[in-house]
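Trainee: Here you go, one structure.
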Amino acid sequence: MSEFLQFAFSGLTVGAVYALVALGFTLIYNASDVVNFAQGEFVMLGGMGTVFLLAMGVPLPVAVIGAIGVTTLVGLGLYLFAIEPARGASAVTLIIITIGASIFLRGVASIIFDKRFHSLPHWFGPAPLSIGGASVLPQSLVVLAGAAILVVLLWAFFERTMFGKAVLATSANRLAAKLSGINTGFVVGFSFAISATIGAIAGILVTPITLTSYDVGTLLALKGFAAAMLGGMGNPLGAVIGGLVVGLVEGFGAGYLSSQYKDAFAFIVILVVLFAMPNGLFGRSKIERV
Amino acid sequence: MQGWTRRMFMGVACSMLTLFGLSVAQAQIKIGAVLSVTGPASFLGDPAKKTLEIYVEQINAAGGVNGQRLQLIVYDDGGDPNQARTFATRLVEDDKVVAMVGGSTTGTTLAMGPVFEEAKVPFISLAGALQIIEPVRAFIFKTPHTDKMACEKIFQDLQRRGLNSIAMISGTDGFGASMHDQCVAAAPRYNITIAHTERYGPRDSDMTPQLANIRNRAGVQAVVNAGFGQGPAIVTRNYRQLQISHPLYQSHGVASKQFVELAGDAANGVRLPAAALLVASKLPANDPQRAVVVSYTETFERRTNQPVSTFGGHAYDGLMILVEAMKRAGAGANSQRIRDEIEKTKGYVGTGGVVTMSPTDHMGLDLTAFRMLEIRNGDWTLVPDGGS
């Protein structure tokens with residue numbers, strides 16, 4: 001039982017990060033039909049930014065806010081200088097632009113920061129807690145709680161605020177939203193900014209556990225994308241559950257089956273689900289209107 | 001007046017010509033180096049290039065070798081074996097070097113090997129893998145210690161502590177996989193049973209499931225982690241998180257200050273084999289390597305403002321072994337003579353250890369090349385070498 005819990009906590013912690021990355025994918029996809037492959041770089045910028053502000057002597061809370069702010073601006077910049085100028089292009093072109101942006105951000109980060117691995121202090125110390133026989137880092141609970149709070153805040157934003165409804169309207173039908181007076185360009189820019197913010201927060205929460213370096217984004221984007229596909233592209237709830245499922249499959253796969261093929265299990269599960277349900281667990285099939 | 005100027009110009013020109021003529025007359029010895037100065041393996045090639053340049057300059061300032069100046073020709077392969085092979089051919093055919101010190105990675109070394117074998121030019125490699133010198137190739141040598149030696153050093157320490165059943169957790173990257181296989185092969189000779197094996201991906205961020213399995217496995221007395229990069233730091237942190245009480249051994253792949261910083265307090269008590277260069281200032285005064293590692297560290301850090309790394313040390317050893325062989329071979333010796341003398345290297349004290357080569361051993365290091373270190377309070381301490 002204790003090992004079951006141990007594997008579960010391992011899977012949930014890793015899965016929470018995948019979930020936040022998948023959530024970022026979903027937000028931008030909904031607003032603009034673009035799959036933003038620079039999402040992993042936002043996570044990296046959050047973590048590396050905090051590490052380097054801290055190293056410059058900035059106190060931790062200021063460093064955290066600074067890193068989130070900078071990453072949000074980068075997200076906004078990505079929209080303004082890369083996506084917006086190519087407005088009329090097809091979604092595939094825009095996706096290729098985001099891949100280019102991710103390579104660019106990684107290159108810039110390797111020059112501005114460095115190519116080494118870095119860590120941040122644990123918020124509540126590194127001493128593990130014992131929960132039902134499993135040793136759990138307090139930071140894991142911080143990651144889980146942080147992810148939960150972000151999801152609730154996003155839900156409240158979309159359901160309870162006028163602007164949130166405008167974002168939803170844009171994702172449902174951009175032309176109709178524009179006709180009813182919504183500034184859709186602003187909405188898309190906003191979705192890039194908010195995705196970057198979520199990525200940065202995820203990066204900061206998880207860096208004390210997983211460490212960070214200029215190139216952590218690639219793998220996170222891959223796993224986050226897989227999670228978003230599993231949950232159903234464009235469904236926020238699906239993104240969160242998809243992320244947690246991928247994390248748990250990895251944890252239990254490594255624990256009970258074989259650690260050699262840990263990554264394979266996650267992708268096999270995703271393939272099986274997508275064969276059976278091509279739109280993912282929670283996705284609706286797209287209806288093309290003629 | 002004009003005539004005087006012209007005479008003066010002629011004079012200067014003549015003396016320039018004489019100088020030029022003299023430097024031509026003083027023949028140069030060409031040494032080649034194909035290194036991965038840029039690209040993913042730049043952490044290997046960059047310190048090696050700097051080391052070679054600093055010491056070739058020093059040797060020339062002190063009068064060269066056998067009265068001849070050294071000329072160093074460096075090419076950067078960017079970590080690409082194909083490029084390395086092209087440059088190797090250029091060194092042999094166009095530059096006509098008498099010997100080569102280089103080959104930062106196992107991949108580039110193995111790609112270049114046949115070129116030097118065929119041209120009968122001695123090649124001292126700076127890469128780790130055992131395959132470079134096993135089977136022995138006439139013209140290929142290497143200076144760095146191998147994974148196998150790291151395994152043996154760890155097993156020796158385990159024997160001394162009376163532990164004989166271990167679990168291994170290894171990265172699936174090249175370094176982890178290679179060291180894992182070497183350890184499995186070496187274990188029976190030290191009466192050590194590998195009771196359990198776990199793997200992790202080189203970019204994984206959580207190893208608690210694997211370690212939980214190791215913790216629950218009865219009979220495991222110690223854990224050995226074969227890995228490189230950030231993986232071992234996470235393994236070490238997770239190890240403490242799960243409060244596993246067995247001794248934990250890391251490999252020489254993480255013998256750097258960065259590992260200690262990343263693993264933090266969790267690194268306390270971790271043991272690992274490492275080259276003497278890392279603990280230069282901590283070596284006892286009677287240690288044979290102390291003088292050379294302290295001097296190399298001081299020179300490298302003063303000239304480059306970068307912390308010393310073992311990879312630069314391998315290049316230092318390669319160059320010095322070659323220079324000493326050339327001195328023994330005498331002025332004007334051909335590549336074959338130099339090769340024979342490299343093979344006769346005996347008792348050379350370098351940064352990597354004491355080197356004694358033979359026709360069957362083109363590396364020449366034994367287990368004394370490694371020091372067993374224990375991390376205590378964020379710093380290395382030497383574990384006294386009882387026996388060996």
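In the structure tokens, the first chain shown is A, the next is B, and so on; residue numbers restart at 1 for each chain, and ligands run from 1 in the order shown.
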Would you tabulate, counting only C-alpha atoms, all residues of chain A that have an atom at most 6 Å from an atom of chain B, showing the closest pair of atoms and their distance in Å to one decimal, sorted by chain then ascending number, as JSON lines?

Mentor:
```
{"residue": "A:Phe7", "atom": "CA", "partner": "B:Pro209", "partner_atom": "CA", "distance": 5.3}
{"residue": "A:Pro128", "atom": "CA", "partner": "B:Gln241", "partner_atom": "CA", "distance": 5.6}
{"residue": "A:Ser135", "atom": "CA", "partner": "B:Leu242", "partner_atom": "CA", "distance": 5.5}
{"residue": "A:Thr210", "atom": "CA", "partner": "B:Ser205", "partner_atom": "CA", "distance": 4.7}
{"residue": "A:Gly255", "atom": "CA", "partner": "B:Pro209", "partner_atom": "CA", "distance": 4.7}
{"residue": "A:Ser259", "atom": "CA", "partner": "B:Arg199", "partner_atom": "CA", "distance": 5.3}
{"residue": "A:Gln260", "atom": "CA", "partner": "B:Arg199", "partner_atom": "CA", "distance": 5.2}
```

Trainee: What's around range 280-283 of chain A at 10 Å? Count only C-alpha atoms, leave out sequence neighbours fewer than 4 positions away in its own chain, and write the answer as a PyMOL selection string.

Mentor: chain A and resi 227-239+241-242+270+273-276

Trainee: With only C-alpha atoms as the atoms that count, which of B:Ser309, B:Thr356, B:Thr381, B:Gln159 lies nearest to Asn268 in chain B?

Mentor: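 Using only C-alpha atoms, Asn268 in chain B sits closest to B:Thr381.
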
Trainee: From range 33-187 of chain A, collect each residue whose DSSP state is alpha helix (DSSP H) and return the set as a ChimeraX atom specification.

Mentor: /A:39-55,60-78,91-112,138-160,162-172,174-179,184-187

Trainee: Can you list, as a list in words, every protein, DNA or RNA residue that comes within 10 Å of Phe300 in chain B when you count only C-alpha atoms, leaving out same-chain residues fewer than 6 positions away?

Mentor: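 What passes the distance filter is Pro47, Lys50, Thr51, Ile54, Tyr55, Gln306, Pro307, Val308, Ser309, Gly312 and Gly313 of chain B.
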
Trainee: Skipping near chain neighbours, those fewer than 6 positions away, what residues fall within 12 Å of Met149 in chain B using only C-alpha atoms, listed as a PyMOL selection string?

Mentor: chain B and resi 128-130+155-156+179+182-183+185-187+251-252+273-275+363-372

Trainee: Generate the output file for the selected residues, N, CA and C atoms, as a PDB file, in the first residue's frame.

Mentor:
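Writing the result to again-v8.pdb gives the following:
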```pdb
ATOM      1  N   GLY B 128      36.639   8.555 -23.269  1.00  0.00           N
ATOM      2  CA  GLY B 128      36.558   7.637 -22.142  1.00  0.00           C
ATOM      3  C   GLY B 128      36.483   6.152 -22.443  1.00  0.00           C
ATOM      4  N   ALA B 129      35.794   5.759 -23.527  1.00  0.00           N
ATOM      5  CA  ALA B 129      35.367   4.365 -23.648  1.00  0.00           C
ATOM      6  C   ALA B 129      36.534   3.379 -23.754  1.00  0.00           C
ATOM      7  N   LEU B 130      36.264   2.209 -23.202  1.00  0.00           N
ATOM      8  CA  LEU B 130      37.253   1.134 -23.192  1.00  0.00           C
ATOM      9  C   LEU B 130      37.537   0.626 -24.613  1.00  0.00           C
ATOM     10  N   PHE B 155      33.649  -1.062  -6.301  1.00  0.00           N
ATOM     11  CA  PHE B 155      33.544  -2.416  -5.760  1.00  0.00           C
ATOM     12  C   PHE B 155      34.613  -2.665  -4.705  1.00  0.00           C
ATOM     13  N   GLN B 156      35.804  -2.109  -4.952  1.00  0.00           N
ATOM     14  CA  GLN B 156      36.874  -2.227  -3.963  1.00  0.00           C
ATOM     15  C   GLN B 156      36.445  -1.636  -2.625  1.00  0.00           C
ATOM     16  N   MET B 179      28.451   2.371 -18.544  1.00  0.00           N
ATOM     17  CA  MET B 179      29.010   2.083 -17.227  1.00  0.00           C
ATOM     18  C   MET B 179      28.256   0.936 -16.565  1.00  0.00           C
ATOM     19  N   GLN B 182      29.632  -2.261 -17.885  1.00  0.00           N
ATOM     20  CA  GLN B 182      30.974  -2.520 -17.351  1.00  0.00           C
ATOM     21  C   GLN B 182      30.904  -3.003 -15.910  1.00  0.00           C
ATOM     22  N   CYS B 183      29.995  -2.402 -15.121  1.00  0.00           N
ATOM     23  CA  CYS B 183      29.859  -2.797 -13.714  1.00  0.00           C
ATOM     24  C   CYS B 183      29.346  -4.233 -13.619  1.00  0.00           C
ATOM     25  N   ALA B 185      29.759  -6.550 -15.733  1.00  0.00           N
ATOM     26  CA  ALA B 185      30.829  -7.465 -16.129  1.00  0.00           C
ATOM     27  C   ALA B 185      31.894  -7.595 -15.043  1.00  0.00           C
ATOM     28  N   ALA B 186      32.136  -6.506 -14.306  1.00  0.00           N
ATOM     29  CA  ALA B 186      33.228  -6.519 -13.330  1.00  0.00           C
ATOM     30  C   ALA B 186      32.798  -7.111 -11.980  1.00  0.00           C
ATOM     31  N   ALA B 187      31.490  -7.127 -11.694  1.00  0.00           N
ATOM     32  CA  ALA B 187      31.002  -7.494 -10.363  1.00  0.00           C
ATOM     33  C   ALA B 187      31.480  -8.868  -9.879  1.00  0.00           C
ATOM     34  N   SER B 251      28.925   7.942  -9.741  1.00  0.00           N
ATOM     35  CA  SER B 251      30.063   7.635 -10.612  1.00  0.00           C
ATOM     36  C   SER B 251      30.970   8.860 -10.757  1.00  0.00           C
ATOM     37  N   HIS B 252      32.106   8.659 -11.426  1.00  0.00           N
ATOM     38  CA  HIS B 252      33.006   9.768 -11.722  1.00  0.00           C
ATOM     39  C   HIS B 252      32.364  10.759 -12.685  1.00  0.00           C
ATOM     40  N   PRO B 273      34.038   7.743  -6.999  1.00  0.00           N
ATOM     41  CA  PRO B 273      35.431   7.742  -7.432  1.00  0.00           C
ATOM     42  C   PRO B 273      35.682   8.978  -8.284  1.00  0.00           C
ATOM     43  N   ALA B 274      36.847   9.612  -8.145  1.00  0.00           N
ATOM     44  CA  ALA B 274      37.139  10.803  -8.936  1.00  0.00           C
ATOM     45  C   ALA B 274      38.637  10.925  -9.146  1.00  0.00           C
ATOM     46  N   ALA B 275      38.998  11.712 -10.159  1.00  0.00           N
ATOM     47  CA  ALA B 275      40.415  11.940 -10.441  1.00  0.00           C
ATOM     48  C   ALA B 275      41.012  12.856  -9.380  1.00  0.00           C
ATOM     49  N   MET B 363      46.664   2.532 -22.208  1.00  0.00           N
ATOM     50  CA  MET B 363      46.177   3.588 -21.334  1.00  0.00           C
ATOM     51  C   MET B 363      47.125   3.717 -20.145  1.00  0.00           C
ATOM     52  N   GLY B 364      47.458   2.559 -19.548  1.00  0.00           N
ATOM     53  CA  GLY B 364      48.514   2.545 -18.549  1.00  0.00           C
ATOM     54  C   GLY B 364      48.146   3.036 -17.170  1.00  0.00           C
ATOM     55  N   LEU B 365      46.851   3.161 -16.888  1.00  0.00           N
ATOM     56  CA  LEU B 365      46.445   3.602 -15.550  1.00  0.00           C
ATOM     57  C   LEU B 365      45.999   2.405 -14.730  1.00  0.00           C
ATOM     58  N   ASP B 366      46.188   2.466 -13.404  1.00  0.00           N
ATOM     59  CA  ASP B 366      45.573   1.453 -12.558  1.00  0.00           C
ATOM     60  C   ASP B 366      44.620   2.149 -11.590  1.00  0.00           C
ATOM     61  N   LEU B 367      44.057   1.371 -10.664  1.00  0.00           N
ATOM     62  CA  LEU B 367      42.989   1.923  -9.826  1.00  0.00           C
ATOM     63  C   LEU B 367      43.449   3.054  -8.915  1.00  0.00           C
ATOM     64  N   THR B 368      44.770   3.202  -8.728  1.00  0.00           N
ATOM     65  CA  THR B 368      45.217   4.308  -7.880  1.00  0.00           C
ATOM     66  C   THR B 368      44.941   5.651  -8.552  1.00  0.00           C
ATOM     67  N   ALA B 369      44.601   5.624  -9.855  1.00  0.00           N
ATOM     68  CA  ALA B 369      44.287   6.872 -10.547  1.00  0.00           C
ATOM     69  C   ALA B 369      43.032   7.512  -9.968  1.00  0.00           C
ATOM     70  N   PHE B 370      42.148   6.687  -9.450  1.00  0.00           N
ATOM     71  CA  PHE B 370      40.910   7.188  -8.849  1.00  0.00           C
ATOM     72  C   PHE B 370      41.082   7.359  -7.349  1.00  0.00           C
ATOM     73  N   ARG B 371      40.515   8.404  -6.816  1.00  0.00           N
ATOM     74  CA  ARG B 371      40.430   8.568  -5.357  1.00  0.00           C
ATOM     75  C   ARG B 371      38.980   8.357  -4.977  1.00  0.00           C
ATOM     76  N   MET B 372      38.742   7.659  -3.851  1.00  0.00           N
ATOM     77  CA  MET B 372      37.374   7.530  -3.377  1.00  0.00           C
ATOM     78  C   MET B 372      37.076   8.760  -2.526  1.00  0.00           C
TER      79      MET B 372
END
```

Trainee: Give the answer as one residue: which of B:Lys282, B:Lys327, B:Arg90, B:Arg85 has the shortest atom-to-atom distance to Gly113 in chain B, using only C-alpha atoms?

Mentor: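 Smallest separation from Gly113 in chain B among the options: B:Arg85.
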
Trainee: Just to confirm, what's the straight-line distance from CA of Val292 in chain B to CA of Val354 in chain B in Å (one decimal)?

Mentor: 10.9 Å

Trainee: As a list in words, please: the residues near Phe52 in chain A (cut-off 10 Å, only C-alpha atoms, same-chain neighbours under 2 positions excluded).

Mentor: Gly47, Met48, Gly49, Thr50, Leu54, Ala55, Met56, Gly57, Val58, Ala63, Ala67, Ile112, Phe113, Asp114 and His118 of chain A

Trainee: Near Val383 in chain B, counting only C-alpha atoms, which residues have an atom at most 10 Å away, once you skip same-chain residues fewer than 3 positions from it, shown as number ranges by chain?

Mentor: B: 157, 271-273, 371-375, 380, 386

Trainee: Can you write out the residues you just picked, keeping C-alpha atoms, as an mmCIF file, in the first residue's frame?

Mentor:
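Dumped to result.cif:
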```
data_model
loop_
_atom_site.group_PDB
_atom_site.id
_atom_site.type_symbol
_atom_site.label_atom_id
_atom_site.label_comp_id
_atom_site.auth_asym_id
_atom_site.auth_seq_id
_atom_site.Cartn_x
_atom_site.Cartn_y
_atom_site.Cartn_z
ATOM 1 C CA ASP B 157 35.384 0.225 -1.486
ATOM 2 C CA ARG B 271 30.704 8.377 -2.142
ATOM 3 C CA LEU B 272 32.170 8.525 -5.620
ATOM 4 C CA PRO B 273 35.431 7.742 -7.432
ATOM 5 C CA ARG B 371 40.430 8.568 -5.357
ATOM 6 C CA MET B 372 37.374 7.530 -3.377
ATOM 7 C CA LEU B 373 35.685 10.712 -2.204
ATOM 8 C CA GLU B 374 32.896 11.250 0.278
ATOM 9 C CA ILE B 375 30.771 14.382 0.200
ATOM 10 C CA TRP B 380 34.825 16.586 -0.888
ATOM 11 C CA GLY B 386 43.251 1.271 3.093
#
```

Trainee: Between CA of Val246 in chain A and CA of Ala266 in chain A, what distance in Å does the model show, to one decimal?

Mentor: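 So the two atoms, CA of Val246 in chain A and CA of Ala266 in chain A, lie 5.7 Å apart.
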
Trainee: Of the candidates A:Ala91, A:Leu12, A:Ile103, A:Val167, which shows the shortest atom-to-atom distance to Thr218 in chain A, using only C-alpha atoms?

Mentor: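 Smallest distance to Thr218 in chain A is found for A:Ile103.
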
Trainee: For CA of Met326 in chain B and CA of Ile338 in chain B, determine how far apart the two atoms are, in Å to one decimal place.

Mentor: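 Result for CA of Met326 in chain B versus CA of Ile338 in chain B: 5.7 Å, one decimal.
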
Trainee: Please provide the set of residues having any atom within 10 Å of Ala38 in chain A, restricted to only C-alpha atoms, with same-chain residues fewer than 2 positions apart removed, written as a list of chain:residue names.

Mentor: A:Phe25, A:Val35, A:Asn36, A:Gly40, A:Glu41, A:Phe42, A:Val43, A:Gly75, A:Leu78, A:Ile95, A:Ile97, A:Thr98, A:Ile99, A:Gly100, A:Ala101, A:Ser102, A:Ile103, A:Phe104, A:Leu105, A:Arg106, A:Ala196, A:Gly217, A:Thr218, A:Ala221

Trainee: Keeping C-alpha atoms, export the residues of the selection given above as a PDB file, in the first residue's frame.

Mentor:
```
ATOM      1  CA  PHE A  25      -1.809  24.522 -25.055  1.00  0.00           C
ATOM      2  CA  VAL A  35      -0.823  24.640 -31.139  1.00  0.00           C
ATOM      3  CA  ASN A  36       1.893  26.649 -29.427  1.00  0.00           C
ATOM      4  CA  GLY A  40       7.519  24.338 -22.711  1.00  0.00           C
ATOM      5  CA  GLU A  41       9.864  27.328 -23.041  1.00  0.00           C
ATOM      6  CA  PHE A  42       7.494  29.379 -20.853  1.00  0.00           C
ATOM      7  CA  VAL A  43       7.989  26.785 -18.101  1.00  0.00           C
ATOM      8  CA  GLY A  75       4.265  35.330 -24.393  1.00  0.00           C
ATOM      9  CA  LEU A  78       5.458  35.970 -29.280  1.00  0.00           C
ATOM     10  CA  ILE A  95       2.369  26.089 -35.629  1.00  0.00           C
ATOM     11  CA  ILE A  97       6.236  29.628 -36.416  1.00  0.00           C
ATOM     12  CA  THR A  98       5.793  28.550 -32.770  1.00  0.00           C
ATOM     13  CA  ILE A  99       8.317  25.729 -33.267  1.00  0.00           C
ATOM     14  CA  GLY A 100      10.750  28.316 -34.595  1.00  0.00           C
ATOM     15  CA  ALA A 101       9.983  30.560 -31.630  1.00  0.00           C
ATOM     16  CA  SER A 102      10.699  27.714 -29.218  1.00  0.00           C
ATOM     17  CA  ILE A 103      14.117  27.061 -30.810  1.00  0.00           C
ATOM     18  CA  PHE A 104      14.825  30.801 -30.716  1.00  0.00           C
ATOM     19  CA  LEU A 105      13.851  31.136 -27.042  1.00  0.00           C
ATOM     20  CA  ARG A 106      15.983  28.131 -26.110  1.00  0.00           C
ATOM     21  CA  ALA A 196       2.850  32.179 -20.592  1.00  0.00           C
ATOM     22  CA  GLY A 217      11.049  22.935 -22.315  1.00  0.00           C
ATOM     23  CA  THR A 218      11.296  20.474 -25.217  1.00  0.00           C
ATOM     24  CA  ALA A 221       6.062  20.511 -24.478  1.00  0.00           C
TER      25      ALA A 221
END
```

Trainee: Between A:Ser171, A:Val92, A:Thr161, A:Leu144, which is the closest to Gly185 in chain A once you count only C-alpha atoms?

Mentor: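 For Gly185 in chain A, the nearest of the candidates is A:Ser171.
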
Trainee: Which residue, B:Lys96, B:His196, B:Lys49, B:Arg328, has the smallest gap to Ser165 in chain B when you use only C-alpha atoms?

Mentor: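 Under the stated criterion, the closest residue is B:His196.
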